[in-house]
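Printed here is my_file_26.cif (mmCIF, C-alpha atoms):
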data_final
loop_
_atom_site.group_PDB
_atom_site.id
_atom_site.type_symbol
_atom_site.label_atom_id
_atom_site.label_comp_id
_atom_site.auth_asym_id
_atom_site.auth_seq_id
_atom_site.Cartn_x
_atom_site.Cartn_y
_atom_site.Cartn_z
ATOM 1 C CA MET W 1259 53.390 208.252 111.207
ATOM 2 C CA THR W 1260 52.370 204.713 110.264
ATOM 3 C CA THR W 1261 53.108 203.041 106.951
ATOM 4 C CA ASP W 1262 51.083 200.313 105.335
ATOM 5 C CA PRO W 1263 53.529 197.365 105.029
ATOM 6 C CA LEU W 1264 51.927 196.252 101.757
ATOM 7 C CA ARG W 1265 52.406 199.654 100.131
ATOM 8 C CA ALA W 1266 56.003 199.773 101.310
ATOM 9 C CA ALA W 1267 56.609 196.247 99.967
ATOM 10 C CA ARG W 1268 55.022 197.149 96.619
ATOM 11 C CA ARG W 1269 57.229 200.216 96.306
ATOM 12 C CA GLN W 1270 60.271 198.104 97.112
ATOM 13 C CA ALA W 1271 59.301 195.491 94.507
ATOM 14 C CA GLN W 1272 58.828 198.218 91.882
ATOM 15 C CA ARG W 1273 62.180 199.789 92.702
ATOM 16 C CA TYR W 1274 63.830 196.340 92.486
ATOM 17 C CA TRP W 1275 63.371 196.315 88.701
ATOM 18 C CA PHE W 1276 65.647 199.379 88.422
ATOM 19 C CA ALA W 1277 67.985 198.579 91.360
ATOM 20 C CA ASP W 1278 70.625 196.918 89.143
ATOM 21 C CA GLY W 1279 70.633 199.581 86.380
ATOM 22 C CA LEU W 1280 70.318 196.874 83.697
ATOM 23 C CA ALA W 1281 67.018 198.126 82.274
ATOM 24 C CA GLU W 1282 68.449 201.635 81.885
ATOM 25 C CA LEU W 1283 71.757 200.426 80.484
ATOM 26 C CA VAL W 1284 70.169 198.186 77.851
ATOM 27 C CA LEU W 1285 67.443 200.679 76.904
ATOM 28 C CA GLY W 1286 70.085 203.424 76.716
ATOM 29 C CA LEU W 1287 72.271 201.334 74.405
ATOM 30 C CA GLY W 1288 69.166 200.489 72.368
ATOM 31 C CA PHE W 1289 68.335 204.186 72.029
ATOM 32 C CA CYS W 1290 71.935 204.941 70.945
ATOM 33 C CA LEU W 1291 71.730 202.162 68.346
ATOM 34 C CA TYR W 1292 68.415 203.523 67.114
ATOM 35 C CA ALA W 1293 69.880 207.052 66.940
ATOM 36 C CA GLY W 1294 72.737 205.564 64.882
ATOM 37 C CA PHE W 1295 70.207 203.926 62.589
ATOM 38 C CA LEU W 1296 68.372 207.267 62.200
ATOM 39 C CA ALA W 1297 71.662 209.056 61.457
ATOM 40 C CA TRP W 1298 72.520 206.432 58.830
ATOM 41 C CA ASN W 1299 69.042 206.831 57.400
ATOM 42 C CA ALA W 1300 69.304 210.643 57.307
ATOM 43 C CA TYR W 1301 72.911 211.079 56.154
ATOM 44 C CA THR W 1302 73.143 208.359 53.473
ATOM 45 C CA ALA W 1303 71.334 207.986 50.186
ATOM 46 C CA PRO W 1304 69.080 206.328 49.182
ATOM 47 C CA ARG W 1305 66.969 206.883 52.293
ATOM 48 C CA MET W 1306 64.972 204.070 53.829
ATOM 49 C CA GLY W 1307 61.231 204.233 53.924
ATOM 50 C CA PRO W 1308 59.186 204.684 57.097
ATOM 51 C CA TRP W 1309 58.393 200.928 57.184
ATOM 52 C CA LEU W 1310 61.999 200.222 58.106
ATOM 53 C CA GLN W 1311 61.778 202.713 60.967
ATOM 54 C CA VAL W 1312 58.632 201.032 62.284
ATOM 55 C CA LEU W 1313 60.446 197.689 62.086
ATOM 56 C CA ALA W 1314 63.414 199.181 63.934
ATOM 57 C CA VAL W 1315 61.169 200.513 66.730
ATOM 58 C CA PHE W 1316 59.574 197.069 67.172
ATOM 59 C CA ALA W 1317 63.013 195.431 67.150
ATOM 60 C CA LEU W 1318 64.148 197.988 69.752
ATOM 61 C CA VAL W 1319 61.195 197.357 72.103
ATOM 62 C CA PHE W 1320 61.245 193.545 71.902
ATOM 63 C CA GLY W 1321 65.041 193.292 71.657
ATOM 64 C CA THR W 1322 65.679 195.363 74.792
ATOM 65 C CA ASN W 1323 63.008 193.478 76.748
ATOM 66 C CA TRP W 1324 64.522 190.129 75.722
ATOM 67 C CA ALA W 1325 68.066 191.313 76.515
ATOM 68 C CA VAL W 1326 67.088 192.711 79.940
ATOM 69 C CA GLN W 1327 65.392 189.433 80.894
ATOM 70 C CA ARG W 1328 68.423 187.386 79.811
ATOM 71 C CA LEU W 1329 70.842 189.654 81.668
ATOM 72 C CA LYS W 1330 68.730 189.644 84.839
ATOM 73 C CA TRP W 1331 68.906 185.829 84.904
ATOM 74 C CA ARG W 1332 72.692 185.996 84.574
ATOM 75 C CA ILE W 1333 73.460 188.989 86.816
ATOM 76 C CA THR W 1334 70.631 190.027 89.147
ATOM 77 C CA TYR W 1335 68.711 186.895 90.130
ATOM 78 C CA PRO W 1336 71.812 184.905 91.184
ATOM 79 C CA ARG W 1337 72.736 187.817 93.501
ATOM 80 C CA THR W 1338 69.608 189.322 95.022
ATOM 81 C CA GLY W 1339 66.963 186.849 93.967
ATOM 82 C CA TYR W 1340 64.229 186.311 91.448
ATOM 83 C CA VAL W 1341 60.847 187.998 91.584
ATOM 84 C CA ARG W 1342 57.814 187.256 89.467
ATOM 85 C CA TYR W 1343 55.720 190.405 89.513
ATOM 86 C CA ALA W 1344 51.979 190.226 90.034
ATOM 87 C CA ARG W 1345 50.071 190.233 86.750
ATOM 88 C CA THR W 1346 48.300 193.473 87.663
ATOM 89 C CA ARG W 1347 51.672 195.252 88.055
ATOM 90 C CA GLN W 1348 52.873 193.836 84.727
ATOM 91 C CA ARG W 1349 49.691 195.066 83.072
ATOM 92 C CA ALA W 1350 50.089 198.495 84.740
ATOM 93 C CA ARG W 1351 53.659 198.774 83.421
ATOM 94 C CA TRP W 1352 52.630 197.905 79.873
ATOM 95 C CA ALA W 1353 49.575 200.180 80.101
ATOM 96 C CA GLY W 1354 51.770 203.088 81.289
ATOM 97 C CA ALA W 1355 54.248 202.561 78.458
ATOM 98 C CA ALA W 1356 51.455 202.159 75.886
ATOM 99 C CA LEU W 1357 49.769 205.345 77.122
ATOM 100 C CA GLY W 1358 53.041 207.244 76.776
ATOM 101 C CA VAL W 1359 53.624 205.933 73.239
ATOM 102 C CA VAL W 1360 50.049 206.810 72.219
ATOM 103 C CA ALA W 1361 50.507 210.320 73.698
ATOM 104 C CA LEU W 1362 53.772 210.655 71.752
ATOM 105 C CA VAL W 1363 52.232 209.511 68.456
ATOM 106 C CA LEU W 1364 49.125 211.686 68.866
ATOM 107 C CA ALA W 1365 51.193 214.744 69.772
ATOM 108 C CA ILE W 1366 53.498 214.254 66.767
ATOM 109 C CA ALA W 1367 50.585 213.616 64.399
ATOM 110 C CA TRP W 1368 48.767 216.727 65.568
ATOM 111 C CA TRP W 1369 51.811 218.970 65.272
ATOM 112 C CA ALA W 1370 52.793 217.440 61.915
ATOM 113 C CA LEU W 1371 49.399 218.520 60.615
ATOM 114 C CA GLN W 1372 50.170 222.073 61.768
ATOM 115 C CA ARG W 1373 53.302 221.979 59.525
ATOM 116 C CA SER W 1374 55.377 223.860 62.065
ATOM 117 C CA ALA W 1375 58.898 222.623 62.767
ATOM 118 C CA TRP W 1376 58.990 224.046 66.281
ATOM 119 C CA GLY W 1377 55.596 222.580 67.048
ATOM 120 C CA TYR W 1378 56.744 219.192 65.773
ATOM 121 C CA TRP W 1379 59.886 219.220 67.920
ATOM 122 C CA LEU W 1380 57.941 220.455 70.936
ATOM 123 C CA ALA W 1381 55.567 217.529 70.441
ATOM 124 C CA LEU W 1382 58.511 215.116 70.304
ATOM 125 C CA SER W 1383 59.923 216.544 73.533
ATOM 126 C CA ALA W 1384 56.540 216.576 75.263
ATOM 127 C CA GLY W 1385 55.715 213.036 74.123
ATOM 128 C CA MET W 1386 59.067 211.689 75.343
ATOM 129 C CA ALA W 1387 58.648 213.577 78.627
ATOM 130 C CA VAL W 1388 55.138 212.118 79.111
ATOM 131 C CA LEU W 1389 56.506 208.620 78.457
ATOM 132 C CA TYR W 1390 59.216 208.997 81.137
ATOM 133 C CA LEU W 1391 56.910 210.806 83.572
ATOM 134 C CA GLY W 1392 54.356 207.998 83.244
ATOM 135 C CA LEU W 1393 56.979 205.300 83.791
ATOM 136 C CA GLY W 1394 58.627 207.242 86.625
ATOM 137 C CA LEU W 1395 55.368 207.705 88.525
ATOM 138 C CA ALA W 1396 53.868 204.264 87.771
ATOM 139 C CA GLN W 1397 57.082 202.414 88.645
ATOM 140 C CA ASN W 1398 58.223 204.602 91.547
ATOM 141 C CA TRP W 1399 61.359 205.423 89.520
ATOM 142 C CA PRO W 1400 62.642 208.934 90.380
ATOM 143 C CA ARG W 1401 65.258 208.884 87.598
ATOM 144 C CA GLY W 1402 62.369 208.666 85.117
ATOM 145 C CA LEU W 1403 61.449 212.219 86.111
ATOM 146 C CA ALA W 1404 65.036 213.378 85.456
ATOM 147 C CA TYR W 1405 64.909 211.773 81.987
ATOM 148 C CA ALA W 1406 61.588 213.558 81.353
ATOM 149 C CA ALA W 1407 63.308 216.876 82.120
ATOM 150 C CA LEU W 1408 66.213 215.880 79.845
ATOM 151 C CA ALA W 1409 63.769 215.159 76.996
ATOM 152 C CA VAL W 1410 62.553 218.770 77.247
ATOM 153 C CA LEU W 1411 66.090 220.143 77.552
ATOM 154 C CA THR W 1412 67.073 218.387 74.296
ATOM 155 C CA LEU W 1413 64.868 220.820 72.381
ATOM 156 C CA PRO W 1414 67.503 223.630 72.052
ATOM 157 C CA LEU W 1415 70.091 221.042 70.920
ATOM 158 C CA ALA W 1416 67.673 219.757 68.281
ATOM 159 C CA HIS W 1417 67.064 223.344 67.108
ATOM 160 C CA TRP W 1418 70.805 223.936 66.714
ATOM 161 C CA TRP W 1419 71.291 220.549 64.976
ATOM 162 C CA ALA W 1420 68.519 221.183 62.468
ATOM 163 C CA ARG W 1421 70.356 224.287 61.230
ATOM 164 C CA GLN W 1422 73.425 222.234 60.176
ATOM 165 C CA GLY W 1423 72.040 221.164 56.785
ATOM 166 C CA ALA W 1424 69.302 219.158 55.088
ATOM 167 C CA ALA W 1425 70.528 215.759 56.337
ATOM 168 C CA ALA W 1426 70.817 217.084 59.886
ATOM 169 C CA ARG W 1427 67.302 218.438 59.607
ATOM 170 C CA ALA W 1428 66.068 214.992 58.483
ATOM 171 C CA PHE W 1429 67.853 213.442 61.484
ATOM 172 C CA VAL W 1430 66.163 215.919 63.851
ATOM 173 C CA ASP W 1431 62.763 215.418 62.263
ATOM 174 C CA GLN W 1432 62.994 211.679 62.967
ATOM 175 C CA GLY W 1433 63.725 212.340 66.639
ATOM 176 C CA GLY W 1434 67.455 211.511 66.405
ATOM 177 C CA PRO W 1435 68.758 213.986 69.036
ATOM 178 C CA TRP W 1436 66.208 212.826 71.626
ATOM 179 C CA PHE W 1437 67.136 209.166 71.215
ATOM 180 C CA LEU W 1438 70.845 210.028 71.228
ATOM 181 C CA VAL W 1439 70.789 212.269 74.335
ATOM 182 C CA LEU W 1440 68.431 210.047 76.351
ATOM 183 C CA GLY W 1441 70.273 206.926 75.206
ATOM 184 C CA LEU W 1442 73.670 208.298 76.279
ATOM 185 C CA ALA W 1443 72.271 209.518 79.618
ATOM 186 C CA GLN W 1444 70.542 206.227 80.400
ATOM 187 C CA ALA W 1445 73.474 204.067 79.326
ATOM 188 C CA THR W 1446 75.865 206.141 81.469
ATOM 189 C CA VAL W 1447 73.638 206.223 84.562
ATOM 190 C CA GLY W 1448 72.720 202.545 84.103
ATOM 191 C CA GLY W 1449 76.415 201.641 83.884
ATOM 192 C CA PHE W 1450 77.195 203.439 87.161
ATOM 193 C CA VAL W 1451 74.172 201.924 88.927
ATOM 194 C CA LEU W 1452 75.152 198.444 87.711
ATOM 195 C CA ARG W 1453 78.739 198.906 88.912
ATOM 196 C CA ALA W 1454 77.551 199.984 92.380
ATOM 197 C CA TYR W 1455 75.058 197.073 92.492
ATOM 198 C CA LEU W 1456 77.751 194.517 91.586
ATOM 199 C CA ARG W 1457 80.033 195.885 94.320
ATOM 200 C CA ARG W 1458 77.277 195.706 96.943
ATOM 201 C CA HIS W 1459 75.996 192.254 96.015
ATOM 202 C CA PRO W 1460 78.550 189.532 95.281
ATOM 203 C CA GLN W 1461 77.300 186.392 93.526
ATOM 204 C CA TRP W 1462 76.136 183.490 95.708
ATOM 205 C CA THR W 1463 77.824 180.153 95.486
ATOM 206 C CA LEU W 1464 75.948 176.843 95.481
ATOM 207 C CA GLU W 1465 76.900 176.349 99.167
ATOM 208 C CA ASP W 1466 75.099 179.587 100.085
ATOM 209 C CA ALA W 1467 71.800 178.243 98.811
ATOM 210 C CA PRO W 1468 69.201 177.684 101.539
ATOM 211 C CA MET G 127 46.010 197.966 138.303
ATOM 212 C CA THR G 128 45.067 198.044 134.621
ATOM 213 C CA ARG G 129 48.556 196.852 133.719
ATOM 214 C CA ASP G 130 48.171 193.883 136.091
ATOM 215 C CA ALA G 131 44.821 193.010 134.538
ATOM 216 C CA ASP G 132 46.345 193.188 131.039
ATOM 217 C CA ALA G 133 49.243 190.961 132.143
ATOM 218 C CA ALA G 134 46.832 188.433 133.631
ATOM 219 C CA ARG G 135 44.774 188.376 130.403
ATOM 220 C CA SER G 136 47.939 187.962 128.355
ATOM 221 C CA GLU G 137 49.026 184.987 130.461
ATOM 222 C CA GLN G 138 45.648 183.371 129.918
ATOM 223 C CA GLY G 139 45.973 183.926 126.139
ATOM 224 C CA GLU G 140 43.185 186.502 126.140
ATOM 225 C CA ARG G 141 43.248 189.766 124.205
ATOM 226 C CA ALA G 142 42.956 193.097 126.024
ATOM 227 C CA PRO G 143 39.711 194.899 125.033
ATOM 228 C CA TRP G 144 41.609 197.783 123.388
ATOM 229 C CA ALA G 145 43.903 195.509 121.361
ATOM 230 C CA PRO G 146 43.148 194.825 117.668
ATOM 231 C CA PRO G 147 42.185 191.250 116.704
ATOM 232 C CA VAL G 148 45.444 190.295 114.992
ATOM 233 C CA ASP G 149 46.775 186.996 113.699
ATOM 234 C CA PRO G 150 49.770 186.092 115.926
ATOM 235 C CA VAL G 151 51.459 184.212 113.061
ATOM 236 C CA ILE G 152 51.634 187.396 110.968
ATOM 237 C CA HIS G 153 52.002 189.881 113.808
ATOM 238 C CA ALA G 154 55.702 189.090 114.491
ATOM 239 C CA PRO G 155 57.743 191.859 112.759
ATOM 240 C CA ALA G 156 59.949 189.481 110.768
ATOM 241 C CA ARG G 157 57.001 187.402 109.518
ATOM 242 C CA LEU G 158 55.019 190.562 108.739
ATOM 243 C CA ALA G 159 57.926 191.766 106.571
ATOM 244 C CA ILE G 160 58.044 188.389 104.762
ATOM 245 C CA VAL G 161 54.294 188.223 104.191
ATOM 246 C CA ALA G 162 54.146 191.855 103.005
ATOM 247 C CA ALA G 163 57.042 191.257 100.582
ATOM 248 C CA LEU G 164 55.308 188.145 99.196
ATOM 249 C CA ALA G 165 51.926 189.893 99.012
ATOM 250 C CA ALA G 166 53.444 192.567 96.752
ATOM 251 C CA VAL G 167 54.593 190.028 94.142
ATOM 252 C CA ASP G 168 53.361 186.836 92.566
ATOM 253 C CA GLU G 169 56.355 184.732 93.589
ATOM 254 C CA ALA G 170 59.798 185.446 95.044
ATOM 255 C CA ASP G 171 63.053 183.629 95.567
ATOM 256 C CA PHE G 172 64.631 183.121 99.034
ATOM 257 C CA ARG G 173 67.409 185.537 98.049
ATOM 258 C CA TYR G 174 64.918 188.274 97.187
ATOM 259 C CA LEU G 175 63.303 187.838 100.606
ATOM 260 C CA LEU G 176 66.741 188.235 102.214
ATOM 261 C CA TYR G 177 67.233 191.410 100.162
ATOM 262 C CA ALA G 178 63.740 192.750 100.872
ATOM 263 C CA THR G 179 63.499 191.980 104.587
ATOM 264 C CA GLY G 180 67.117 192.360 105.705
ATOM 265 C CA LEU G 181 66.860 189.163 107.790
ATOM 266 C CA THR G 182 69.689 186.681 108.162
ATOM 267 C CA LYS G 183 69.498 183.331 106.331
ATOM 268 C CA GLY G 184 68.826 181.347 109.515
ATOM 269 C CA ASN G 185 66.171 183.768 110.723
ATOM 270 C CA LEU G 186 64.432 183.865 107.361
ATOM 271 C CA SER G 187 64.456 180.048 107.091
ATOM 272 C CA ALA G 188 62.939 179.675 110.581
ATOM 273 C CA HIS G 189 60.168 182.218 109.960
ATOM 274 C CA LEU G 190 59.404 180.777 106.519
ATOM 275 C CA ARG G 191 59.026 177.353 108.120
ATOM 276 C CA LYS G 192 56.500 178.755 110.613
ATOM 277 C CA LEU G 193 54.555 180.423 107.831
ATOM 278 C CA GLU G 194 54.624 177.197 105.812
ATOM 279 C CA GLU G 195 53.371 175.201 108.828
ATOM 280 C CA ALA G 196 50.500 177.677 109.216
ATOM 281 C CA GLY G 197 49.629 177.093 105.540
ATOM 282 C CA TYR G 198 50.320 180.732 104.610
ATOM 283 C CA VAL G 199 53.336 180.167 102.369
ATOM 284 C CA HIS G 200 54.076 177.537 99.738
ATOM 285 C CA ILE G 201 57.761 176.772 99.132
ATOM 286 C CA THR G 202 59.173 175.032 96.053
ATOM 287 C CA LYS G 203 62.839 174.142 95.538
ATOM 288 C CA THR G 204 63.958 174.094 91.941
ATOM 289 C CA PHE G 205 66.823 174.963 89.581
ATOM 290 C CA ARG G 206 66.954 177.269 86.599
ATOM 291 C CA GLY G 207 70.064 176.248 84.710
ATOM 292 C CA ARG G 208 72.694 176.193 87.455
ATOM 293 C CA ILE G 209 70.899 178.694 89.657
ATOM 294 C CA PRO G 210 69.221 177.103 92.698
ATOM 295 C CA LEU G 211 65.844 178.693 93.376
ATOM 296 C CA THR G 212 63.798 178.427 96.554
ATOM 297 C CA LEU G 213 60.545 179.908 95.349
ATOM 298 C CA CYS G 214 58.077 181.192 97.927
ATOM 299 C CA ARG G 215 54.530 182.280 97.285
ATOM 300 C CA LEU G 216 51.627 183.249 99.514
ATOM 301 C CA THR G 217 48.788 180.734 99.472
ATOM 302 C CA SER G 218 45.217 182.000 99.172
ATOM 303 C CA LYS G 219 44.835 181.307 102.912
ATOM 304 C CA GLY G 220 47.937 183.449 103.541
ATOM 305 C CA ARG G 221 46.655 186.276 101.330
ATOM 306 C CA GLN G 222 43.304 186.275 103.101
ATOM 307 C CA ALA G 223 44.987 186.242 106.523
ATOM 308 C CA PHE G 224 47.229 189.146 105.544
ATOM 309 C CA GLN G 225 44.261 191.086 104.159
ATOM 310 C CA ARG G 226 42.352 190.573 107.429
ATOM 311 C CA TYR G 227 45.438 191.596 109.431
ATOM 312 C CA ARG G 228 45.881 194.774 107.362
ATOM 313 C CA GLU G 229 42.231 195.737 107.693
ATOM 314 C CA ALA G 230 42.260 195.120 111.453
ATOM 315 C CA MET G 231 45.442 197.161 111.978
ATOM 316 C CA LEU G 232 44.362 200.029 109.715
ATOM 317 C CA ALA G 233 40.938 200.188 111.396
ATOM 318 C CA TYR G 234 42.580 200.120 114.824
ATOM 319 C CA LEU G 235 45.072 202.874 113.961
ATOM 320 C CA GLN G 236 42.352 205.093 112.505
ATOM 321 C CA ARG G 237 40.194 204.875 115.646
#
Rewrite the structure from the file as C-alpha cells, please.
Amino acid sequence: MTTDPLRAARRQAQRYWFADGLAELVLGLGFCLYAGFLAWNAYTAPRMGPWLQVLAVFALVFGTNWAVQRLKWRITYPRTGYVRYARTRQRARWAGAALGVVALVLAIAWWALQRSAWGYWLALSAGMAVLYLGLGLAQNWPRGLAYAALAVLTLPLAHWWARQGAAARAFVDQGGPWFLVLGLAQATVGGFVLRAYLRRHPQWTLEDAP
Amino acid sequence: MTRDADAARSEQGERAPWAPPVDPVIHAPARLAIVAALAAVDEADFRYLLYATGLTKGNLSAHLRKLEEAGYVHITKTFRGRIPLTLCRLTSKGRQAFQRYREAMLAYLQR
C-alpha cells in the first residue's frame, strides 16, 4: 500500500494542534466556567436575560482562542516548534465549527417550536454531537468522536437533573449539563495529554537552537 | 543483461525507460519528508520539522541547506520574545516542483 506523502503530512499537521492537549484543556475549563455561569443564572434570582448568555458565549469562544494561542507560544512552540497553518485549513476549521453551531441553533430552534422538553434536549445533544463530529472528522481528531458520543450520553443525566426542581430545570434548559459534562471530560483528558506531552518533549535551551 | 543496461544508464545520468521522471532534489526520503511537511502548512519552525520528520538536527540542517540552494525553501531566522525561530517555507518554485513530483509518482504507481 502506498501513501501520498502530502496527505500524511496534512494529517500530521492537523493532529499537531491537539498533540499537546492545550486546546482541550482550555476549552474544557471554558465549558466548566460557562456551566458555572448557567448554574448561577438558573439558581439565583433575579435571573439574567438572554443577552448576557450571548455575551458569555462570545467571551467563551474568543477567550479560549486567545488563551490557547498564548499558551501555545509559552508551552508548545518552544518545545516542538511553531506552525502557521495554511489559510485554507484555517478556513476549513472555522467553517466546520460554524456549521456545527448553525446545526445546533437550528435544531434547538426547531425543537423549541415543538414545545417538547425531550425534543429540546435531544436537539441539544444532537447539535453538540454534530459539532464534535464535524471537528473530529475535519481535524482528524479521534477524541472529537468520543466527545460526540458523550454529548448524546449526557441526555439521561439531563433528564434526571431536570426533575430536581424548577431551578434545575432552568439549568438543563440552558444546556448546563452538556457544558458541565463535556467541560469536565475535556479538561481531564486535556490535562493528561498535556502532562504526557511535557514529559516527552523537554523545553529547548538557546544553545539547542539551529 | 537488463540490470547491466540499467546500471550503465544510471552511471551516465540517464533514466531507465520504466522509471518515473522525478526531481532528484525531492526524491531523497529525508528531503521528501521535509518538503511534504512544509507543503502541508504555510510556514514551520525548524523544531516542528524535527518533530514532523524525525530527523536529527545535523541531518535536517544539511537537507534544508540543499533545498534552499535549489530555491525550493526559504529560511528566515528571527526571534519571538526570547524564543529563537528558524522559519522555513516552501517557495512557489518548491511547491510547483513538489506538485510535479507527486503527480509523476502517483501516475507511475497507478500504471
> Written as a ChimeraX atom specification, which residues does the PyMOL selection byres ((chain G) within 8 of (chain W)) give for the file shown?
Replying inline: /G:158-159,162-163,165-178,183,187,209-210,212,228
> W:Tyr1292, W:Ala1277, W:Val1410, W:Glu1282: which is nearest Gly1448 (chain W), counting all atoms listed in the file?
Replying inline: W:Glu1282
> In Å, how far is it from CA of Leu1280 (chain W) to CA of Gly1434 (chain W)?
Replying inline: 22.8 Å
>> Set the distance at 12 Å and use all atoms listed in the file: which residues neighbour region 1312-1318 of chain W once local chain neighbours fewer than 4 positions away are removed? I'd like the list as a list in words.
In response: Val1284, Leu1285, Gly1286, Leu1287, Gly1288, Phe1289, Cys1290, Leu1291, Tyr1292, Ala1293, Gly1294, Phe1295, Leu1296, Asn1299, Met1306, Gly1307, Pro1308, Thr1322, Asn1323, Trp1324, Ala1325, Val1326, Val1359, Gln1432 and Phe1437 of chain W
>> Measuring between all atoms listed in the file, which one of G:Leu186, G:Leu164, G:Ile201, G:Ala156 shows the shortest distance to Leu213 (chain G)?
In response: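 Comparing G:Leu186, G:Leu164, G:Ile201, G:Ala156 against Leu213 (chain G), the winner is G:Ile201.
CA of Ala1406 (chain W) is positioned 16.2 Å from CA of Ala1356 (chain W).
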> How many Å separate CA of Leu1403 (chain W) from CA of Leu1357 (chain W)?
Replying inline: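 Interatomic distance, CA of Leu1403 (chain W) to CA of Leu1357 (chain W): 16.3 Å.
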> Which one of G:Arg226, G:Val161, G:Thr182, G:Gln236 sits closest to Cys214 (chain G) if you count all atoms listed in the file?
Replying inline: G:Val161
>> Applying 6 Å and all atoms listed in the file, which residues near region 192-200 of chain G remain after dropping the ones on its own chain fewer than 2 positions away? List them as a list in words.
In response: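 That gives His189, Leu190, Cys214, Arg215, Leu216, Thr217, Lys219 and Gly220 of chain G.
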>> Restricting the calculation to all atoms listed in the file: of G:Leu181, G:Arg206, G:Leu235, G:Tyr227, which residue gets closest to Pro150 (chain G)?
In response: G:Tyr227
